[in-house]
Structure formats: C-alpha cells, structure tokens
file entry.csv (CSV, N, CA and C atoms)
chain,number,residue,atom,x,y,z
A,1,MET,N,-122.0,-43.5,68.4
A,1,MET,CA,-122.2,-44.8,68.8
A,1,MET,C,-121.8,-45.8,67.7
A,2,MET,N,-122.1,-45.4,66.5
A,2,MET,CA,-121.8,-46.3,65.4
A,2,MET,C,-120.3,-46.5,65.2
A,3,VAL,N,-119.5,-45.4,65.5
A,3,VAL,CA,-118.1,-45.5,65.4
A,3,VAL,C,-117.5,-46.5,66.4
A,4,TYR,N,-118.1,-46.5,67.6
A,4,TYR,CA,-117.7,-47.4,68.7
A,4,TYR,C,-118.0,-48.8,68.3
A,5,LYS,N,-119.1,-49.1,67.7
A,5,LYS,CA,-119.4,-50.5,67.2
A,5,LYS,C,-118.5,-50.9,66.2
A,6,ILE,N,-118.2,-50.1,65.2
A,6,ILE,CA,-117.2,-50.4,64.2
A,6,ILE,C,-115.8,-50.7,64.8
A,7,THR,N,-115.5,-49.9,65.8
A,7,THR,CA,-114.2,-50.1,66.5
A,7,THR,C,-114.2,-51.4,67.2
A,8,LEU,N,-115.3,-51.8,67.8
A,8,LEU,CA,-115.3,-53.1,68.5
A,8,LEU,C,-115.2,-54.3,67.5
A,9,ILE,N,-115.8,-54.1,66.3
A,9,ILE,CA,-115.7,-55.2,65.3
A,9,ILE,C,-114.3,-55.3,64.8
A,10,CYS,N,-113.7,-54.1,64.6
A,10,CYS,CA,-112.3,-54.1,64.2
A,10,CYS,C,-111.4,-54.8,65.3
A,11,TYR,N,-111.7,-54.5,66.5
A,11,TYR,CA,-111.0,-55.1,67.6
A,11,TYR,C,-111.1,-56.6,67.6
A,12,PHE,N,-112.3,-57.1,67.3
A,12,PHE,CA,-112.5,-58.5,67.3
A,12,PHE,C,-111.8,-59.1,66.1
A,13,ILE,N,-111.7,-58.5,65.0
A,13,ILE,CA,-111.0,-59.0,63.8
A,13,ILE,C,-109.5,-59.1,64.2
A,14,ILE,N,-108.9,-58.0,64.8
A,14,ILE,CA,-107.5,-58.0,65.1
A,14,ILE,C,-107.2,-59.0,66.2
A,15,LEU,N,-108.1,-59.2,67.2
A,15,LEU,CA,-108.0,-60.2,68.2
A,15,LEU,C,-108.0,-61.6,67.6
A,16,THR,N,-108.8,-61.8,66.6
A,16,THR,CA,-108.9,-63.1,65.9
A,16,THR,C,-107.6,-63.4,65.2
A,17,ILE,N,-107.1,-62.4,64.5
A,17,ILE,CA,-105.8,-62.6,63.8
A,17,ILE,C,-104.7,-62.9,64.8
A,18,GLY,N,-104.6,-62.1,65.8
A,18,GLY,CA,-103.6,-62.3,66.9
A,18,GLY,C,-103.7,-63.7,67.5
A,19,SER,N,-104.9,-64.2,67.7
A,19,SER,CA,-105.2,-65.5,68.3
A,19,SER,C,-104.6,-66.6,67.4
A,20,ILE,N,-104.9,-66.5,66.1
A,20,ILE,CA,-104.4,-67.5,65.2
A,20,ILE,C,-102.9,-67.5,65.2
A,21,TYR,N,-102.3,-66.3,65.2
A,21,TYR,CA,-100.8,-66.2,65.2
A,21,TYR,C,-100.3,-66.8,66.5
A,22,ASP,N,-100.9,-66.4,67.6
A,22,ASP,CA,-100.4,-66.9,68.9
A,22,ASP,C,-100.5,-68.4,69.0
A,23,PHE,N,-101.6,-69.0,68.4
A,23,PHE,CA,-101.8,-70.4,68.4
A,23,PHE,C,-100.7,-71.1,67.6
A,24,LYS,N,-100.4,-70.6,66.4
A,24,LYS,CA,-99.4,-71.2,65.5
A,24,LYS,C,-98.0,-71.0,66.0
A,25,TYR,N,-97.6,-69.8,66.5
A,25,TYR,CA,-96.2,-69.5,66.7
A,25,TYR,C,-95.9,-69.2,68.2
A,26,ARG,N,-96.9,-69.2,69.0
A,26,ARG,CA,-96.7,-68.9,70.5
A,26,ARG,C,-96.1,-67.6,70.8
A,27,LYS,N,-96.4,-66.6,69.9
A,27,LYS,CA,-96.1,-65.2,70.2
A,27,LYS,C,-97.0,-64.3,69.5
A,28,ILE,N,-97.1,-63.1,69.9
A,28,ILE,CA,-98.0,-62.1,69.4
A,28,ILE,C,-97.2,-60.9,68.8
A,29,PRO,N,-97.3,-60.7,67.5
A,29,PRO,CA,-96.5,-59.6,66.9
A,29,PRO,C,-96.9,-58.2,67.5
A,30,ASN,N,-95.9,-57.3,67.6
A,30,ASN,CA,-96.1,-56.0,68.1
A,30,ASN,C,-97.1,-55.2,67.3
A,31,TYR,N,-97.2,-55.4,66.0
A,31,TYR,CA,-98.1,-54.6,65.2
A,31,TYR,C,-99.6,-54.9,65.6
A,32,ILE,N,-99.9,-56.1,66.2
A,32,ILE,CA,-101.2,-56.3,66.7
A,32,ILE,C,-101.6,-55.4,67.9
A,33,HIS,N,-100.6,-55.2,68.8
A,33,HIS,CA,-100.8,-54.3,69.9
A,33,HIS,C,-101.0,-52.8,69.4
A,34,LEU,N,-100.2,-52.5,68.4
A,34,LEU,CA,-100.2,-51.1,67.9
A,34,LEU,C,-101.6,-50.8,67.2
A,35,LEU,N,-102.1,-51.8,66.5
A,35,LEU,CA,-103.4,-51.7,65.8
A,35,LEU,C,-104.5,-51.4,66.8
A,36,ILE,N,-104.4,-52.1,67.9
A,36,ILE,CA,-105.5,-51.9,69.0
A,36,ILE,C,-105.3,-50.6,69.6
A,37,LEU,N,-104.0,-50.2,69.8
A,37,LEU,CA,-103.8,-48.9,70.4
A,37,LEU,C,-104.3,-47.8,69.5
A,38,CYS,N,-104.2,-47.9,68.2
A,38,CYS,CA,-104.8,-47.0,67.2
A,38,CYS,C,-106.3,-47.0,67.3
A,39,LEU,N,-106.9,-48.1,67.5
A,39,LEU,CA,-108.4,-48.2,67.7
A,39,LEU,C,-108.8,-47.3,68.9
A,40,CYS,N,-108.0,-47.3,69.9
A,40,CYS,CA,-108.4,-46.5,71.1
A,40,CYS,C,-108.5,-45.0,70.7
A,41,LEU,N,-107.8,-44.6,69.7
A,41,LEU,CA,-107.8,-43.2,69.3
A,41,LEU,C,-109.2,-42.9,68.7
A,42,PHE,N,-109.8,-43.9,68.0
A,42,PHE,CA,-111.0,-43.6,67.3
A,42,PHE,C,-112.2,-43.6,68.3
A,43,THR,N,-112.1,-44.2,69.4
A,43,THR,CA,-113.2,-44.2,70.4
A,43,THR,C,-113.3,-42.9,71.2
A,44,PHE,N,-112.2,-42.1,71.2
A,44,PHE,CA,-112.1,-40.9,72.0
A,44,PHE,C,-112.3,-41.1,73.5
A,45,ASP,N,-112.3,-42.4,73.9
A,45,ASP,CA,-112.3,-42.7,75.3
A,45,ASP,C,-111.1,-43.7,75.6
A,46,ILE,N,-110.2,-43.3,76.3
A,46,ILE,CA,-109.1,-44.2,76.7
A,46,ILE,C,-109.1,-44.3,78.2
A,47,TYR,N,-109.3,-45.6,78.6
A,47,TYR,CA,-109.4,-45.9,80.0
A,47,TYR,C,-108.0,-46.2,80.6
A,48,LEU,N,-107.4,-45.2,81.2
A,48,LEU,CA,-106.1,-45.5,81.8
A,48,LEU,C,-106.1,-46.5,82.9
A,49,ASP,N,-107.2,-46.6,83.6
A,49,ASP,CA,-107.3,-47.6,84.7
A,49,ASP,C,-107.2,-49.0,84.1
A,50,GLY,N,-107.4,-49.2,82.8
A,50,GLY,CA,-107.3,-50.5,82.2
A,50,GLY,C,-105.9,-51.0,82.2
A,51,LEU,N,-104.9,-50.1,82.4
A,51,LEU,CA,-103.5,-50.5,82.4
A,51,LEU,C,-103.1,-51.2,83.8
A,52,ILE,N,-104.0,-51.0,84.8
A,52,ILE,CA,-103.6,-51.5,86.1
A,52,ILE,C,-103.4,-53.1,86.1
A,53,LEU,N,-104.3,-53.8,85.4
A,53,LEU,CA,-104.2,-55.2,85.4
A,53,LEU,C,-102.9,-55.6,84.7
A,54,SER,N,-102.6,-55.0,83.6
A,54,SER,CA,-101.3,-55.3,82.9
A,54,SER,C,-100.1,-55.0,83.8
A,55,ILE,N,-100.1,-54.0,84.5
A,55,ILE,CA,-99.0,-53.7,85.4
A,55,ILE,C,-98.9,-54.7,86.5
A,56,ILE,N,-100.0,-55.2,87.1
A,56,ILE,CA,-100.0,-56.2,88.1
A,56,ILE,C,-99.5,-57.5,87.5
A,57,LEU,N,-99.9,-57.9,86.3
A,57,LEU,CA,-99.4,-59.1,85.7
A,57,LEU,C,-97.9,-59.0,85.4
A,58,LEU,N,-97.4,-57.8,85.0
A,58,LEU,CA,-96.0,-57.6,84.8
A,58,LEU,C,-95.2,-57.8,86.1
A,59,LEU,N,-95.7,-57.2,87.2
A,59,LEU,CA,-95.1,-57.4,88.4
A,59,LEU,C,-95.1,-58.9,88.9
A,60,LEU,N,-96.2,-59.6,88.7
A,60,LEU,CA,-96.2,-61.0,89.0
A,60,LEU,C,-95.1,-61.8,88.3
A,61,VAL,N,-95.0,-61.5,87.0
A,61,VAL,CA,-94.0,-62.2,86.2
A,61,VAL,C,-92.6,-61.8,86.7
A,62,ALA,N,-92.4,-60.6,87.0
A,62,ALA,CA,-91.0,-60.2,87.4
A,62,ALA,C,-90.6,-60.7,88.8
A,63,PHE,N,-91.5,-60.9,89.7
A,63,PHE,CA,-91.1,-61.3,91.1
A,63,PHE,C,-91.6,-62.6,91.5
A,64,THR,N,-92.3,-63.4,90.7
A,64,THR,CA,-92.7,-64.7,91.0
A,64,THR,C,-92.5,-65.7,89.9
A,65,ASN,N,-93.0,-66.9,90.0
A,65,ASN,CA,-92.9,-67.9,89.0
A,65,ASN,C,-94.1,-67.9,88.0
A,66,PHE,N,-94.9,-66.8,88.1
A,66,PHE,CA,-96.1,-66.7,87.3
A,66,PHE,C,-95.7,-66.7,85.9
A,67,ASN,N,-96.3,-67.5,85.1
A,67,ASN,CA,-95.9,-67.8,83.7
A,67,ASN,C,-96.9,-67.3,82.7
A,68,ILE,N,-96.7,-66.1,82.2
A,68,ILE,CA,-97.6,-65.5,81.1
A,68,ILE,C,-96.6,-64.7,80.2
A,69,GLY,N,-96.9,-64.8,78.9
A,69,GLY,CA,-96.0,-64.1,78.0
A,69,GLY,C,-96.1,-62.6,78.0
A,70,GLY,N,-95.0,-62.0,77.5
A,70,GLY,CA,-95.1,-60.5,77.4
A,70,GLY,C,-96.1,-60.0,76.4
A,71,GLY,N,-96.3,-60.8,75.4
A,71,GLY,CA,-97.3,-60.4,74.4
A,71,GLY,C,-98.7,-60.4,74.9
A,72,ASP,N,-98.9,-61.4,75.8
A,72,ASP,CA,-100.2,-61.5,76.4
A,72,ASP,C,-100.4,-60.3,77.4
A,73,ILE,N,-99.4,-59.9,78.1
A,73,ILE,CA,-99.5,-58.8,79.0
A,73,ILE,C,-99.7,-57.5,78.2
A,74,LYS,N,-99.0,-57.3,77.1
A,74,LYS,CA,-99.2,-56.1,76.3
A,74,LYS,C,-100.6,-56.1,75.7
A,75,PHE,N,-101.1,-57.2,75.3
A,75,PHE,CA,-102.5,-57.3,74.7
A,75,PHE,C,-103.5,-57.0,75.8
A,76,ILE,N,-103.3,-57.5,77.0
A,76,ILE,CA,-104.3,-57.2,78.0
A,76,ILE,C,-104.2,-55.7,78.4
A,77,GLY,N,-103.0,-55.1,78.3
A,77,GLY,CA,-102.9,-53.7,78.5
A,77,GLY,C,-103.7,-52.8,77.5
A,78,VAL,N,-103.5,-53.1,76.2
A,78,VAL,CA,-104.2,-52.3,75.2
A,78,VAL,C,-105.7,-52.6,75.2
A,79,THR,N,-106.1,-53.8,75.6
A,79,THR,CA,-107.5,-54.1,75.7
A,79,THR,C,-108.1,-53.3,76.9
A,80,GLY,N,-107.3,-53.2,78.0
A,80,GLY,CA,-107.7,-52.4,79.1
A,80,GLY,C,-107.9,-50.9,78.8
A,81,LEU,N,-107.1,-50.4,77.9
A,81,LEU,CA,-107.2,-49.0,77.4
A,81,LEU,C,-108.5,-48.8,76.7
A,82,LEU,N,-108.9,-49.8,75.9
A,82,LEU,CA,-110.1,-49.8,75.1
A,82,LEU,C,-111.4,-50.0,75.9
A,83,PHE,N,-111.4,-51.0,76.9
A,83,PHE,CA,-112.6,-51.4,77.6
A,83,PHE,C,-112.6,-50.9,79.0
A,84,GLY,N,-111.5,-50.6,79.6
A,84,GLY,CA,-111.5,-50.2,81.0
A,84,GLY,C,-111.2,-51.4,81.9
A,85,LEU,N,-110.9,-51.2,83.2
A,85,LEU,CA,-110.4,-52.2,84.1
A,85,LEU,C,-111.5,-53.3,84.3
A,86,GLU,N,-112.7,-53.0,84.6
A,86,GLU,CA,-113.7,-54.0,85.0
A,86,GLU,C,-113.9,-55.0,83.9
A,87,ASP,N,-114.2,-54.5,82.7
A,87,ASP,CA,-114.5,-55.4,81.6
A,87,ASP,C,-113.2,-56.2,81.2
A,88,THR,N,-112.0,-55.6,81.3
A,88,THR,CA,-110.8,-56.4,81.0
A,88,THR,C,-110.6,-57.5,82.0
A,89,ILE,N,-110.8,-57.2,83.3
A,89,ILE,CA,-110.7,-58.3,84.3
A,89,ILE,C,-111.7,-59.4,84.0
A,90,LEU,N,-112.9,-59.0,83.7
A,90,LEU,CA,-113.9,-60.1,83.4
A,90,LEU,C,-113.5,-60.9,82.1
A,91,MET,N,-112.9,-60.2,81.1
A,91,MET,CA,-112.4,-60.9,79.9
A,91,MET,C,-111.3,-61.9,80.3
A,92,VAL,N,-110.4,-61.5,81.1
A,92,VAL,CA,-109.3,-62.3,81.5
A,92,VAL,C,-109.8,-63.5,82.3
A,93,ILE,N,-110.7,-63.3,83.3
A,93,ILE,CA,-111.2,-64.4,84.1
A,93,ILE,C,-111.9,-65.4,83.2
A,94,LEU,N,-112.8,-64.9,82.3
A,94,LEU,CA,-113.5,-65.8,81.4
A,94,LEU,C,-112.5,-66.6,80.5
A,95,GLY,N,-111.4,-65.9,80.0
A,95,GLY,CA,-110.4,-66.6,79.2
A,95,GLY,C,-109.7,-67.7,80.0
A,96,ILE,N,-109.3,-67.4,81.3
A,96,ILE,CA,-108.7,-68.3,82.1
A,96,ILE,C,-109.6,-69.5,82.4
A,97,PHE,N,-110.9,-69.2,82.6
A,97,PHE,CA,-111.8,-70.3,82.9
A,97,PHE,C,-111.9,-71.2,81.7
A,98,VAL,N,-112.0,-70.7,80.5
A,98,VAL,CA,-112.1,-71.5,79.3
A,98,VAL,C,-110.8,-72.3,79.1
A,99,MET,N,-109.7,-71.7,79.4
A,99,MET,CA,-108.4,-72.4,79.3
A,99,MET,C,-108.3,-73.5,80.3
A,100,PHE,N,-108.8,-73.4,81.5
A,100,PHE,CA,-108.8,-74.5,82.5
A,100,PHE,C,-109.7,-75.6,82.0
A,101,ILE,N,-110.8,-75.3,81.4
A,101,ILE,CA,-111.7,-76.4,80.9
A,101,ILE,C,-111.0,-77.1,79.8
A,102,TYR,N,-110.4,-76.4,78.8
A,102,TYR,CA,-109.6,-77.0,77.7
A,102,TYR,C,-108.5,-77.9,78.3
A,103,TYR,N,-107.8,-77.3,79.3
A,103,TYR,CA,-106.6,-78.1,79.8
A,103,TYR,C,-107.1,-79.4,80.5
A,104,GLY,N,-108.2,-79.3,81.2
A,104,GLY,CA,-108.8,-80.5,81.9
A,104,GLY,C,-109.2,-81.6,80.9
A,105,ILE,N,-109.9,-81.1,79.8
A,105,ILE,CA,-110.4,-82.1,78.8
A,105,ILE,C,-109.2,-82.7,78.1
A,106,ASP,N,-108.2,-81.8,77.7
A,106,ASP,CA,-107.0,-82.3,77.0
A,106,ASP,C,-106.2,-83.3,77.9
A,107,LYS,N,-106.1,-83.0,79.1
A,107,LYS,CA,-105.4,-83.9,80.0
A,107,LYS,C,-106.1,-85.3,80.2
A,108,VAL,N,-107.4,-85.3,80.2
A,108,VAL,CA,-108.1,-86.5,80.3
A,108,VAL,C,-108.0,-87.3,79.0
A,109,LEU,N,-108.2,-86.6,77.9
A,109,LEU,CA,-108.2,-87.3,76.6
A,109,LEU,C,-106.8,-87.8,76.2
A,110,ARG,N,-105.8,-87.0,76.3
A,110,ARG,CA,-104.5,-87.3,75.9
A,110,ARG,C,-103.6,-87.8,76.9
A,111,ARG,N,-103.9,-87.6,78.2
A,111,ARG,CA,-103.1,-88.1,79.3
A,111,ARG,C,-101.6,-87.6,79.2
A,112,LYS,N,-101.4,-86.5,78.6
A,112,LYS,CA,-100.1,-86.0,78.5
A,112,LYS,C,-100.0,-84.6,79.2
A,113,GLN,N,-98.8,-84.3,79.7
A,113,GLN,CA,-98.6,-83.0,80.3
A,113,GLN,C,-98.4,-82.0,79.3
A,114,VAL,N,-99.3,-81.0,79.3
A,114,VAL,CA,-99.2,-79.8,78.4
A,114,VAL,C,-98.2,-78.8,79.0
A,115,LYS,N,-97.2,-78.5,78.2
A,115,LYS,CA,-96.1,-77.6,78.7
A,115,LYS,C,-96.6,-76.2,78.8
A,116,SER,N,-97.2,-75.7,77.7
A,116,SER,CA,-97.7,-74.3,77.7
A,116,SER,C,-98.9,-74.2,76.8
A,117,LEU,N,-99.7,-73.2,77.0
A,117,LEU,CA,-100.9,-73.0,76.1
A,117,LEU,C,-100.8,-71.5,75.7
A,118,PRO,N,-101.1,-71.2,74.5
A,118,PRO,CA,-101.2,-69.8,74.1
A,118,PRO,C,-102.5,-69.2,74.7
A,119,PHE,N,-102.4,-68.0,75.3
A,119,PHE,CA,-103.5,-67.4,76.1
A,119,PHE,C,-104.5,-66.7,75.2
A,120,LEU,N,-104.0,-66.1,74.1
A,120,LEU,CA,-104.9,-65.2,73.3
A,120,LEU,C,-106.1,-65.9,72.7
A,121,PRO,N,-106.0,-67.2,72.2
A,121,PRO,CA,-107.2,-67.8,71.8
A,121,PRO,C,-108.3,-68.0,72.8
A,122,PHE,N,-107.9,-68.2,74.1
A,122,PHE,CA,-108.8,-68.3,75.2
A,122,PHE,C,-109.3,-67.0,75.6
A,123,PHE,N,-108.5,-65.9,75.5
A,123,PHE,CA,-108.9,-64.6,75.7
A,123,PHE,C,-109.9,-64.1,74.7
A,124,LEU,N,-109.8,-64.6,73.5
A,124,LEU,CA,-110.8,-64.3,72.4
A,124,LEU,C,-112.1,-64.9,72.8
A,125,ILE,N,-112.2,-66.1,73.3
A,125,ILE,CA,-113.4,-66.7,73.8
A,125,ILE,C,-114.0,-65.9,75.0
A,126,GLY,N,-113.1,-65.5,75.9
A,126,GLY,CA,-113.6,-64.7,77.0
A,126,GLY,C,-114.1,-63.3,76.6
A,127,ASN,N,-113.7,-62.8,75.5
A,127,ASN,CA,-114.1,-61.5,75.0
A,127,ASN,C,-115.5,-61.6,74.4
A,128,LEU,N,-115.9,-62.7,73.9
A,128,LEU,CA,-117.1,-62.8,73.1
A,128,LEU,C,-118.4,-62.3,73.8
A,129,PRO,N,-118.6,-62.8,75.1
A,129,PRO,CA,-119.8,-62.3,75.8
A,129,PRO,C,-119.8,-60.8,76.0
A,130,ILE,N,-118.7,-60.2,76.3
A,130,ILE,CA,-118.6,-58.8,76.6
A,130,ILE,C,-118.8,-58.0,75.2
A,131,LEU,N,-118.2,-58.5,74.2
A,131,LEU,CA,-118.3,-57.8,72.9
A,131,LEU,C,-119.8,-57.9,72.4
A,132,LEU,N,-120.4,-59.1,72.5
A,132,LEU,CA,-121.8,-59.2,72.0
A,132,LEU,C,-122.7,-58.3,72.8
A,133,ILE,N,-122.5,-58.2,74.1
A,133,ILE,CA,-123.4,-57.3,74.9
A,133,ILE,C,-123.1,-55.9,74.6
A,134,THR,N,-121.8,-55.5,74.4
A,134,THR,CA,-121.5,-54.1,74.1
A,134,THR,C,-122.0,-53.7,72.8
A,135,ILE,N,-121.8,-54.5,71.8
A,135,ILE,CA,-122.2,-54.2,70.4
A,135,ILE,C,-123.7,-54.1,70.3
A,136,LYS,N,-124.4,-55.0,71.0
A,136,LYS,CA,-125.9,-55.0,71.0
A,136,LYS,C,-126.5,-53.7,71.6
A,137,VAL,N,-125.8,-53.2,72.6
A,137,VAL,CA,-126.4,-52.0,73.4
A,137,VAL,C,-126.4,-50.8,72.5
call {"tool": "encode", "arguments": {"input": "entry.csv", "output": "structure tokens"}}
result
Amino acid sequence: MMVYKITLICYFIILTIGSIYDFKYRKIPNYIHLLILCLCLFTFDIYLDGLILSIILLLLVAFTNFNIGGGDIKFIGVTGLLFGLEDTILMVILGIFVMFIYYGIDKVLRRKQVKSLPFLPFFLIGNLPILLITIKV
C-alpha cells in the first residue's frame, strides 16, 4: 500500500511538471508519458481498460473536428493505465468542467476569443480530488 501511495505522489509531481510545460509551450514532452508508464510498473496493476478513453479520443480527433492535442491523448492513456477507466473518465470530466469555468471567467473579464487552452493544467485540477481520496485510503 505504501508503494502505491508513493507512486501516486510521483504521478502528481510528474503531472505538475507536465502541466507547467504544457502551459508554457502548449505541448507535452514524450518523456512525461514514459515516466508515468514506468510508474505503472511499480504498482503491479495495469488497467488496460484505461486505454479505452484514449482510443475514443483518438478516433474523435481522426474523424471529426474535435480539437485535443496528441500529448493530451497520450497522457490520458497512461493515466488510464495507472487508475483505470472509471477514475480516468472522472478526472477528464472534472478537468473539462474546470476548463469551462476558466474559459467563461476569462471571456467575461477579457472579452477576447481564446484560441486554445492547454488541457493538462485543468486535468491536474481534475486529478486532485481523486488523488486525495486515493492517497488517504
């Protein structure tokens, strides 16, 4: 159990670094995904069902005008391997909810059209409740 908690803390640190990078440069380096993939090996539980959401997002990008970056899709995929499908969907929904709130406030205050937003910082905020509940258990 202690190894899992340490793994989650490492995940949070990697996610924070990736979020800062995504915010500054609007891309997520591949080594961030590889670090999380390595974390999956320490938990001894890899949830293959967690890849389903990433595959769905990839198909949406390929066949529609759905606009999400490849780095975000990869990050959601490796997060799904670590947490499983249900928790990852909840994290994504919470992240999108926070992003909509930010977008609404930003639109009212600046009255400018925002072209794009980096998703990983909002995904970080969506991860917080799940991480806090999981680490506390």
call {"tool": "atom_distance", "arguments": {"input": "entry.csv", "atom1": "CA of Gly50 (chain A)", "atom2": "atom N of Glu86 (chain A)"}}
result
6.4 Å
call {"tool": "atom_distance", "arguments": {"input": "entry.csv", "atom1": "atom N of Asn67 (chain A)", "atom2": "atom C of Ile130 (chain A)"}}
result
26.4 Å
call {"tool": "select_by_dssp", "arguments": {"input": "entry.csv", "residues": "chain A", "states": "alpha helix (DSSP H)", "output": "PyMOL selection string"}}
result
chain A and resi 2-25+30-43+51-63+70-83+85-110+120-136
call {"tool": "closest_residue", "arguments": {"input": "entry.csv", "among": "A:Leu58, A:Phe119, A:Ile125, A:Cys10", "to": "Cys38 (chain A)", "atoms": "only C-alpha atoms"}}
result
A:Cys10
call {"tool": "closest_residue", "arguments": {"input": "entry.csv", "among": "A:Gly77, A:Ile133, A:Ile89, A:Leu120", "to": "Asp22 (chain A)", "atoms": "all atoms listed in the file"}}
result
A:Leu120
call {"tool": "closest_residue", "arguments": {"input": "entry.csv", "among": "A:Ile17, A:Val108, A:Leu85, A:Leu131", "to": "His33 (chain A)", "atoms": "only C-alpha atoms"}}
result
A:Ile17
call {"tool": "atom_distance", "arguments": {"input": "entry.csv", "atom1": "CA of Gly104 (chain A)", "atom2": "CA of Leu117 (chain A)"}}
result
12.3 Å
call {"tool": "residues_around", "arguments": {"input": "entry.csv", "residues": "Val3 (chain A)", "least_positions_apart": "2", "cutoff": "12 Å", "atoms": "only C-alpha atoms", "output": "list in words"}}
result
Met1, Lys5, Ile6, Thr7, Leu8, Ile9, Cys10, Leu39, Cys40, Leu41, Phe42, Thr43, Phe44, Asp45 and Ile135 of chain A
call {"tool": "closest_atom_pairs", "arguments": {"input": "entry.csv", "of": "region 61-94 of chain A", "to": "region 51-54 of chain A", "cutoff": "6 Å", "atoms": "all atoms listed in the file", "output": "CSV"}}
result
residue,atom,partner,partner_atom,distance
A:Ile73,C,A:Ser54,CA,5.4
A:Ile76,C,A:Ser54,CA,5.4
A:Gly77,N,A:Ser54,CA,4.9
A:Gly80,C,A:Leu51,N,4.8
A:Leu81,N,A:Leu51,N,5.0
call {"tool": "closest_residue", "arguments": {"input": "entry.csv", "among": "A:Ile101, A:Leu124, A:Ile68, A:Ile96", "to": "Leu15 (chain A)", "atoms": "all atoms listed in the file"}}
result
A:Leu124
call {"tool": "residues_near_point", "arguments": {"input": "entry.csv", "point": "(-108.4, -68.1, 76.9)", "cutoff": "10 Å", "atoms": "only C-alpha atoms", "output": "list in words"}}
result
Ser19, Met91, Val92, Ile93, Leu94, Gly95, Ile96, Phe97, Val98, Met99, Phe100, Ile101, Tyr102, Leu117, Pro118, Phe119, Leu120, Pro121, Phe122, Phe123, Leu124, Ile125, Gly126 and Asn127 of chain A
call {"tool": "residues_around", "arguments": {"input": "entry.csv", "residues": "Ile28 (chain A)", "least_positions_apart": "2", "cutoff": "8 Å", "atoms": "all atoms listed in the file", "output": "list in words"}}
result
Gly18, Ser19, Tyr21, Asp22, Phe23, Tyr25, Arg26, Asn30, Tyr31, Ile32, His33, Gly70, Gly71 and Asp72 of chain A
call {"tool": "write_last_selection", "arguments": {"input": "entry.csv", "atoms": "N, CA and C atoms", "output": "PDB file, in the coordinates of the input"}}
result
ATOM      1  N   GLY A  18    -104.600 -62.100  65.800  1.00  0.00           N
ATOM      2  CA  GLY A  18    -103.600 -62.300  66.900  1.00  0.00           C
ATOM      3  C   GLY A  18    -103.700 -63.700  67.500  1.00  0.00           C
ATOM      4  N   SER A  19    -104.900 -64.200  67.700  1.00  0.00           N
ATOM      5  CA  SER A  19    -105.200 -65.500  68.300  1.00  0.00           C
ATOM      6  C   SER A  19    -104.600 -66.600  67.400  1.00  0.00           C
ATOM      7  N   TYR A  21    -102.300 -66.300  65.200  1.00  0.00           N
ATOM      8  CA  TYR A  21    -100.800 -66.200  65.200  1.00  0.00           C
ATOM      9  C   TYR A  21    -100.300 -66.800  66.500  1.00  0.00           C
ATOM     10  N   ASP A  22    -100.900 -66.400  67.600  1.00  0.00           N
ATOM     11  CA  ASP A  22    -100.400 -66.900  68.900  1.00  0.00           C
ATOM     12  C   ASP A  22    -100.500 -68.400  69.000  1.00  0.00           C
ATOM     13  N   PHE A  23    -101.600 -69.000  68.400  1.00  0.00           N
ATOM     14  CA  PHE A  23    -101.800 -70.400  68.400  1.00  0.00           C
ATOM     15  C   PHE A  23    -100.700 -71.100  67.600  1.00  0.00           C
ATOM     16  N   TYR A  25     -97.600 -69.800  66.500  1.00  0.00           N
ATOM     17  CA  TYR A  25     -96.200 -69.500  66.700  1.00  0.00           C
ATOM     18  C   TYR A  25     -95.900 -69.200  68.200  1.00  0.00           C
ATOM     19  N   ARG A  26     -96.900 -69.200  69.000  1.00  0.00           N
ATOM     20  CA  ARG A  26     -96.700 -68.900  70.500  1.00  0.00           C
ATOM     21  C   ARG A  26     -96.100 -67.600  70.800  1.00  0.00           C
ATOM     22  N   ASN A  30     -95.900 -57.300  67.600  1.00  0.00           N
ATOM     23  CA  ASN A  30     -96.100 -56.000  68.100  1.00  0.00           C
ATOM     24  C   ASN A  30     -97.100 -55.200  67.300  1.00  0.00           C
ATOM     25  N   TYR A  31     -97.200 -55.400  66.000  1.00  0.00           N
ATOM     26  CA  TYR A  31     -98.100 -54.600  65.200  1.00  0.00           C
ATOM     27  C   TYR A  31     -99.600 -54.900  65.600  1.00  0.00           C
ATOM     28  N   ILE A  32     -99.900 -56.100  66.200  1.00  0.00           N
ATOM     29  CA  ILE A  32    -101.200 -56.300  66.700  1.00  0.00           C
ATOM     30  C   ILE A  32    -101.600 -55.400  67.900  1.00  0.00           C
ATOM     31  N   HIS A  33    -100.600 -55.200  68.800  1.00  0.00           N
ATOM     32  CA  HIS A  33    -100.800 -54.300  69.900  1.00  0.00           C
ATOM     33  C   HIS A  33    -101.000 -52.800  69.400  1.00  0.00           C
ATOM     34  N   GLY A  70     -95.000 -62.000  77.500  1.00  0.00           N
ATOM     35  CA  GLY A  70     -95.100 -60.500  77.400  1.00  0.00           C
ATOM     36  C   GLY A  70     -96.100 -60.000  76.400  1.00  0.00           C
ATOM     37  N   GLY A  71     -96.300 -60.800  75.400  1.00  0.00           N
ATOM     38  CA  GLY A  71     -97.300 -60.400  74.400  1.00  0.00           C
ATOM     39  C   GLY A  71     -98.700 -60.400  74.900  1.00  0.00           C
ATOM     40  N   ASP A  72     -98.900 -61.400  75.800  1.00  0.00           N
ATOM     41  CA  ASP A  72    -100.200 -61.500  76.400  1.00  0.00           C
ATOM     42  C   ASP A  72    -100.400 -60.300  77.400  1.00  0.00           C
TER      43      ASP A  72
END
call {"tool": "decode", "arguments": {"input": "entry.csv", "residues": "region 92-98 of chain A", "atoms": "N, CA and C atoms", "output": "PDB file, in the first residue's frame"}}
result
ATOM      1  N   VAL A  92     -11.061  13.370 -16.309  1.00  0.00           N
ATOM      2  CA  VAL A  92     -11.235  14.146 -17.539  1.00  0.00           C
ATOM      3  C   VAL A  92     -12.461  15.048 -17.429  1.00  0.00           C
ATOM      4  N   ILE A  93     -13.558  14.512 -16.921  1.00  0.00           N
ATOM      5  CA  ILE A  93     -14.781  15.316 -16.769  1.00  0.00           C
ATOM      6  C   ILE A  93     -14.541  16.493 -15.825  1.00  0.00           C
ATOM      7  N   LEU A  94     -13.874  16.236 -14.696  1.00  0.00           N
ATOM      8  CA  LEU A  94     -13.577  17.317 -13.761  1.00  0.00           C
ATOM      9  C   LEU A  94     -12.650  18.345 -14.399  1.00  0.00           C
ATOM     10  N   GLY A  95     -11.662  17.883 -15.154  1.00  0.00           N
ATOM     11  CA  GLY A  95     -10.754  18.797 -15.844  1.00  0.00           C
ATOM     12  C   GLY A  95     -11.476  19.662 -16.861  1.00  0.00           C
ATOM     13  N   ILE A  96     -12.377  19.061 -17.631  1.00  0.00           N
ATOM     14  CA  ILE A  96     -13.150  19.823 -18.625  1.00  0.00           C
ATOM     15  C   ILE A  96     -14.069  20.826 -17.923  1.00  0.00           C
ATOM     16  N   PHE A  97     -14.668  20.425 -16.816  1.00  0.00           N
ATOM     17  CA  PHE A  97     -15.531  21.320 -16.051  1.00  0.00           C
ATOM     18  C   PHE A  97     -14.750  22.546 -15.572  1.00  0.00           C
ATOM     19  N   VAL A  98     -13.572  22.330 -15.010  1.00  0.00           N
ATOM     20  CA  VAL A  98     -12.736  23.445 -14.550  1.00  0.00           C
ATOM     21  C   VAL A  98     -12.320  24.316 -15.735  1.00  0.00           C
TER      22      VAL A  98
END
